[in-house]
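Undergrad: So that we are looking at the same thing, I have put the structure below in structure tokens.
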Amino acid sequence: MAENNQNAMAGSAPAKPKPAVPGAAKQAAPGAAKPATPGAANQAASGAAKPAAPGAANQAASGAAKPAAPGAANQAASGAAKPAVPGVAKQAASGAAKPAVSNSGVYKPPVERADSNPYKDSRISSVSAWFQERFYVMLPVIDYLKKKEVPKHRLSFWYYFGGLTLFFFLIQIITGLLLMQYYKPTEAEAFASFVFIQREISFGWLIRQLHAWSANLMVMMAFIHMFSTFFMKSYRKPRELMWVSGFVLLVLSLGFGFTGYLLPWNELAFFATQVGTETPKVAPGGAFLVNILRGGEEVSGETLTRMFSLHVVLLPGLLMLVLSAHLLLVQVLGTSAPIGYKESGMIKGYEKFFPTFLAKDAIGWIIGFGLLVYLAAVFPWGIGVKANALNPAPMGIKPEWYFWAQFQLLKDLKFEGGELVAIGLITVGAIVWLLVPFIDFKASREEKSPIFTMLGLIVLAFLLINTWRVFAEYGW
């Protein structure tokens, strides 16, 4: 019984403190040092000090400094400066830029990135809130566009030619809709309505000139965009379908030029269409396709009607579908940088697609529109003479300039069967060009592929040299 009482009293008596181990570090509370006592954790009251058991370490009230135990390392209160330990490197304060060095030892300058959310401080108007409530499904798409970035490097200006191609296509749609209000696609009235638009309708001449020149500029921008994409190897994995859809868009654009060439129904357009539709007859199945396109054996009013339907119905519908897929792939997969630019530190930074890059794109559109108006006013296309199938073909019949290279190849192969050889070469070359992303394995591994670079230079030289040869012989 006495033993039990002694044990009970021992539980209420203050515990004897143990001597601090020399060299033990005491953890500092914010503003005060708390020594840890084994077996008894003393809590300090806010602003007041409680007396500790005899011999125990006293806990300091908030804001009061306590002497440290002998041999213990005192930790500084928050805000106090600590002397640096000799031989230990200090880390730089936040915000200091450190040059990154790759495993290969190449210096990489710091990359500039725009704010991840530049719209965080923007306010939503009542009109925006009204639309967001009803089109909330589009909000993730808009948020994604806000986060998309475009790399900045010395070849970044090539990115703007894709936007210029789209801009001139939009001009084609607007001016084409205006011309359709007065144009009559019949053999008897086509040329008369064409002249009426040019001479009688207010600013009709300007609309027609804008339509004609924007078609040429659209094809030119498409060719520039294609070759810039090719030489920067932007078709490489995972952007193969972007290249395929872009190639289809170029072919459809050429189809626009071919079908629209006959619509003025003047003498030059009539005989150029006759020559252009005669050549495919030598290919297997070509005669059948030509008869469908012409609507008979010869170019006639039926051909005009079919060309018009292709030009304003079928081709625009196909182009809008492929264009939607192409733009979707561009937004999802992003913009590609040339091979090796990221590893060698040649990318200067990134800018937001919306609104930064899009605003720069708009500046290019304004410049392009100024060029378009200048060409329409200073270098107008002529009206010509009404087509007559009974008249002999005039001298110097040739297609539009974007078909000159193929036209010259047909002229060069004058031997028997040469037209079929030329058609075969053009077809095989187009298929190889289409499949480049799937056969350029080095580019898919982010390695330079000089063989395909040489292939691109050969194709570009073929187009430029043959186009110049036609121009030198026939003029513009």
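Going by the structure tokens order, chains are called A, B, ..., each with residues numbered from 1, while ligands are numbered from 1 in the order shown.
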As a PDB file with C-alpha atoms, in the first residue's frame, please: the residues near Trp243 (chain A) (cut-off 9 Å, only C-alpha atoms, same-chain neighbours under 6 positions excluded).
TA:
```pdb
ATOM      1  CA  MET A 226       4.706  25.347 -98.389  1.00  0.00           C
ATOM      2  CA  THR A 229       7.442  24.660 -94.040  1.00  0.00           C
ATOM      3  CA  PHE A 230       9.436  22.143 -96.055  1.00  0.00           C
ATOM      4  CA  SER A 234       7.936  21.483 -89.883  1.00  0.00           C
ATOM      5  CA  TYR A 235       6.234  18.436 -91.379  1.00  0.00           C
ATOM      6  CA  ARG A 236       8.088  16.095 -89.023  1.00  0.00           C
ATOM      7  CA  HIS A 326      -5.744  22.177 -91.048  1.00  0.00           C
ATOM      8  CA  LEU A 434       2.829  14.489-100.359  1.00  0.00           C
ATOM      9  CA  LEU A 435       4.477  11.546 -98.562  1.00  0.00           C
ATOM     10  CA  VAL A 436       7.663  13.373 -97.515  1.00  0.00           C
ATOM     11  CA  PRO A 437       6.757  13.403 -93.765  1.00  0.00           C
TER      12      PRO A 437
END
```
Undergrad: Excluding Trp158 (chain A) and any residue of its chain fewer than 4 positions from it, enumerate the residues within 12 Å of it, using only C-alpha atoms, and give them as a PDB file with N, CA and C atoms, in the first residue's frame.
TA:
```pdb
ATOM      1  N   PRO A 151       7.119  30.080 -80.822  1.00  0.00           N
ATOM      2  CA  PRO A 151       8.548  30.329 -80.566  1.00  0.00           C
ATOM      3  C   PRO A 151       9.061  31.510 -81.372  1.00  0.00           C
ATOM      4  N   LYS A 152      10.004  32.240 -80.781  1.00  0.00           N
ATOM      5  CA  LYS A 152      10.626  33.391 -81.435  1.00  0.00           C
ATOM      6  C   LYS A 152      12.076  33.040 -81.777  1.00  0.00           C
ATOM      7  N   HIS A 153      12.402  33.143 -83.056  1.00  0.00           N
ATOM      8  CA  HIS A 153      13.772  32.915 -83.516  1.00  0.00           C
ATOM      9  C   HIS A 153      13.976  33.683 -84.813  1.00  0.00           C
ATOM     10  N   ARG A 154      15.123  33.539 -85.443  1.00  0.00           N
ATOM     11  CA  ARG A 154      15.465  34.364 -86.593  1.00  0.00           C
ATOM     12  C   ARG A 154      14.638  34.041 -87.833  1.00  0.00           C
ATOM     13  N   GLY A 162       1.394  31.771 -93.816  1.00  0.00           N
ATOM     14  CA  GLY A 162       0.184  30.969 -93.714  1.00  0.00           C
ATOM     15  C   GLY A 162      -1.038  31.836 -93.431  1.00  0.00           C
ATOM     16  N   GLY A 163      -0.880  32.822 -92.545  1.00  0.00           N
ATOM     17  CA  GLY A 163      -1.973  33.747 -92.269  1.00  0.00           C
ATOM     18  C   GLY A 163      -2.319  34.606 -93.463  1.00  0.00           C
ATOM     19  N   LEU A 164      -1.308  35.004 -94.251  1.00  0.00           N
ATOM     20  CA  LEU A 164      -1.573  35.791 -95.453  1.00  0.00           C
ATOM     21  C   LEU A 164      -2.345  34.982 -96.489  1.00  0.00           C
ATOM     22  N   MET A 221       1.267  33.070-101.931  1.00  0.00           N
ATOM     23  CA  MET A 221       1.508  32.906-100.500  1.00  0.00           C
ATOM     24  C   MET A 221       1.468  31.427-100.098  1.00  0.00           C
ATOM     25  N   ALA A 222       0.606  30.650-100.752  1.00  0.00           N
ATOM     26  CA  ALA A 222       0.530  29.219-100.453  1.00  0.00           C
ATOM     27  C   ALA A 222       1.826  28.511-100.840  1.00  0.00           C
ATOM     28  N   PHE A 223       2.406  28.867-101.998  1.00  0.00           N
ATOM     29  CA  PHE A 223       3.680  28.273-102.398  1.00  0.00           C
ATOM     30  C   PHE A 223       4.797  28.666-101.430  1.00  0.00           C
ATOM     31  N   ILE A 224       4.849  29.930-101.046  1.00  0.00           N
ATOM     32  CA  ILE A 224       5.884  30.373-100.103  1.00  0.00           C
ATOM     33  C   ILE A 224       5.729  29.654 -98.763  1.00  0.00           C
ATOM     34  N   HIS A 225       4.495  29.545 -98.300  1.00  0.00           N
ATOM     35  CA  HIS A 225       4.232  28.866 -97.029  1.00  0.00           C
ATOM     36  C   HIS A 225       4.634  27.394 -97.102  1.00  0.00           C
ATOM     37  N   MET A 226       4.362  26.762 -98.243  1.00  0.00           N
ATOM     38  CA  MET A 226       4.706  25.347 -98.389  1.00  0.00           C
ATOM     39  C   MET A 226       6.219  25.136 -98.351  1.00  0.00           C
ATOM     40  N   PHE A 227       6.965  25.943 -99.103  1.00  0.00           N
ATOM     41  CA  PHE A 227       8.418  25.744 -99.149  1.00  0.00           C
ATOM     42  C   PHE A 227       9.094  26.149 -97.837  1.00  0.00           C
ATOM     43  N   SER A 228       8.585  27.166 -97.158  1.00  0.00           N
ATOM     44  CA  SER A 228       9.157  27.521 -95.857  1.00  0.00           C
ATOM     45  C   SER A 228       8.910  26.403 -94.849  1.00  0.00           C
ATOM     46  N   THR A 229       7.735  25.809 -94.908  1.00  0.00           N
ATOM     47  CA  THR A 229       7.442  24.660 -94.040  1.00  0.00           C
ATOM     48  C   THR A 229       8.356  23.492 -94.361  1.00  0.00           C
ATOM     49  N   PHE A 230       8.599  23.275 -95.645  1.00  0.00           N
ATOM     50  CA  PHE A 230       9.436  22.143 -96.055  1.00  0.00           C
ATOM     51  C   PHE A 230      10.873  22.320 -95.580  1.00  0.00           C
ATOM     52  N   PHE A 231      11.460  23.480 -95.817  1.00  0.00           N
ATOM     53  CA  PHE A 231      12.882  23.665 -95.492  1.00  0.00           C
ATOM     54  C   PHE A 231      13.112  23.759 -93.979  1.00  0.00           C
ATOM     55  N   MET A 232      12.119  24.152 -93.202  1.00  0.00           N
ATOM     56  CA  MET A 232      12.256  24.141 -91.741  1.00  0.00           C
ATOM     57  C   MET A 232      11.880  22.785 -91.163  1.00  0.00           C
ATOM     58  N   SER A 234       9.069  21.399 -90.799  1.00  0.00           N
ATOM     59  CA  SER A 234       7.936  21.483 -89.883  1.00  0.00           C
ATOM     60  C   SER A 234       6.922  20.363 -90.092  1.00  0.00           C
ATOM     61  N   THR A 335       3.062  25.446 -83.201  1.00  0.00           N
ATOM     62  CA  THR A 335       4.008  25.848 -84.231  1.00  0.00           C
ATOM     63  C   THR A 335       5.365  25.194 -83.983  1.00  0.00           C
ATOM     64  N   SER A 336       5.939  24.672 -85.030  1.00  0.00           N
ATOM     65  CA  SER A 336       7.203  23.949 -84.914  1.00  0.00           C
ATOM     66  C   SER A 336       8.386  24.877 -85.155  1.00  0.00           C
ATOM     67  N   ALA A 337       9.467  24.635 -84.441  1.00  0.00           N
ATOM     68  CA  ALA A 337      10.728  25.350 -84.644  1.00  0.00           C
ATOM     69  C   ALA A 337      11.667  24.473 -85.473  1.00  0.00           C
ATOM     70  N   PRO A 338      12.615  25.056 -86.192  1.00  0.00           N
ATOM     71  CA  PRO A 338      13.560  24.246 -86.976  1.00  0.00           C
ATOM     72  C   PRO A 338      14.341  23.280 -86.103  1.00  0.00           C
ATOM     73  N   ASP A 361       0.115  39.236 -86.940  1.00  0.00           N
ATOM     74  CA  ASP A 361      -0.463  38.676 -88.158  1.00  0.00           C
ATOM     75  C   ASP A 361      -1.398  39.685 -88.823  1.00  0.00           C
ATOM     76  N   GLY A 364       0.436  42.152 -90.860  1.00  0.00           N
ATOM     77  CA  GLY A 364       0.757  41.587 -92.170  1.00  0.00           C
ATOM     78  C   GLY A 364      -0.435  41.609 -93.106  1.00  0.00           C
TER      79      GLY A 364
END
```
Undergrad: For Pro399 (chain A), which residue out of A:Val470, A:Met307, A:Leu263, A:Leu293 is the nearest one, using only C-alpha atoms?
TA: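 For Pro399 (chain A), the nearest of the given residues is A:Val470.
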Undergrad: Tell me, in Å to one decimal, how far CA of Leu327 (chain A) is from CA of Met220 (chain A).
TA: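 CA of Met220 (chain A) lies 19.3 Å from CA of Leu327 (chain A).
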Undergrad: Would you work out the distance separating CA of Gly176 (chain A) from CA of Val312 (chain A), expressed in Å to one decimal?
TA: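 A separation of 8.3 Å between them.
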Undergrad: Name the residues of region 141-319 of chain A that come out as strand (DSSP E or B) in a backbone DSSP run; write them as a list of chain:residue names.
TA: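 Restricting region 141-319 of chain A to strand (DSSP E or B) produces A:Glu149, A:Val150, A:Pro151, A:Lys152, A:Asn266.
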Undergrad: Suppose you want the space between CA of Pro185 (chain A) and CA of Arg208 (chain A); what is it in Å?
TA: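 Pair CA of Pro185 (chain A) / CA of Arg208 (chain A) returns 15.5 Å.
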Undergrad: Please identify the helix (DSSP H, G or I) residues within region 186-406 of chain A (assignment by DSSP from backbone atoms) and present them as an MDAnalysis selection string.
TA: chainID A and resid 190:199 204:231 240:260 267:282 286:294 301:333 353:378 401:406
Undergrad: Env of Glu419 (chain A): 10 Å cut, atoms = only C-alpha atoms, seq-sep filter 2 positions within chain, self excluded. Answer as an MDAnalysis selection string.
TA: chainID A and resid 279:283 409:417 421:425
Undergrad: Would you mind telling me which residue in A:Ile383, A:Ile292, A:Pro238, A:Val251 lies nearest to Val322 (chain A) when using only C-alpha atoms?
TA: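 Once distances to Val322 (chain A) are computed over only C-alpha atoms, the minimum belongs to A:Val251.
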Undergrad: Fewer than 5 positions away in the same chain doesn't count, so skip those; otherwise give me all residues within 12 Å of Ala325 (chain A), counting only C-alpha atoms, as a PyMOL selection string.
TA: chain A and resi 241-246+248-249+318-320+330-333
Undergrad: Which residue, A:Pro392, A:Gly257, A:Gly382, A:Gly370, has the smallest gap to Trp205 (chain A) when you use only C-alpha atoms?
TA: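 Comparing A:Pro392, A:Gly257, A:Gly382, A:Gly370 against Trp205 (chain A), the winner is A:Gly382.
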Undergrad: Skip region 210-218 of chain A itself and residues of its chain fewer than 3 positions away, then list as a PyMOL selection string all residues within 8 Å of it, counting only C-alpha atoms.
TA: chain A and resi 164-166+168-169+171-172+175-176+206-207+221-222+253+257+372-373+375-376+381
Undergrad: Return the single residue from A:Trp476, A:Leu420, A:Phe452, A:Glu351 that is closest to Gly286 (chain A), with distances computed using only C-alpha atoms.
TA: A:Leu420
Undergrad: Which residues are near Ile451 (chain A)? Cut-off 12 Å, only C-alpha atoms, ignore same chain within fewer than 5 positions. Put them as a PyMOL selection string.
TA: chain A and resi 231+436+439-443+456-458
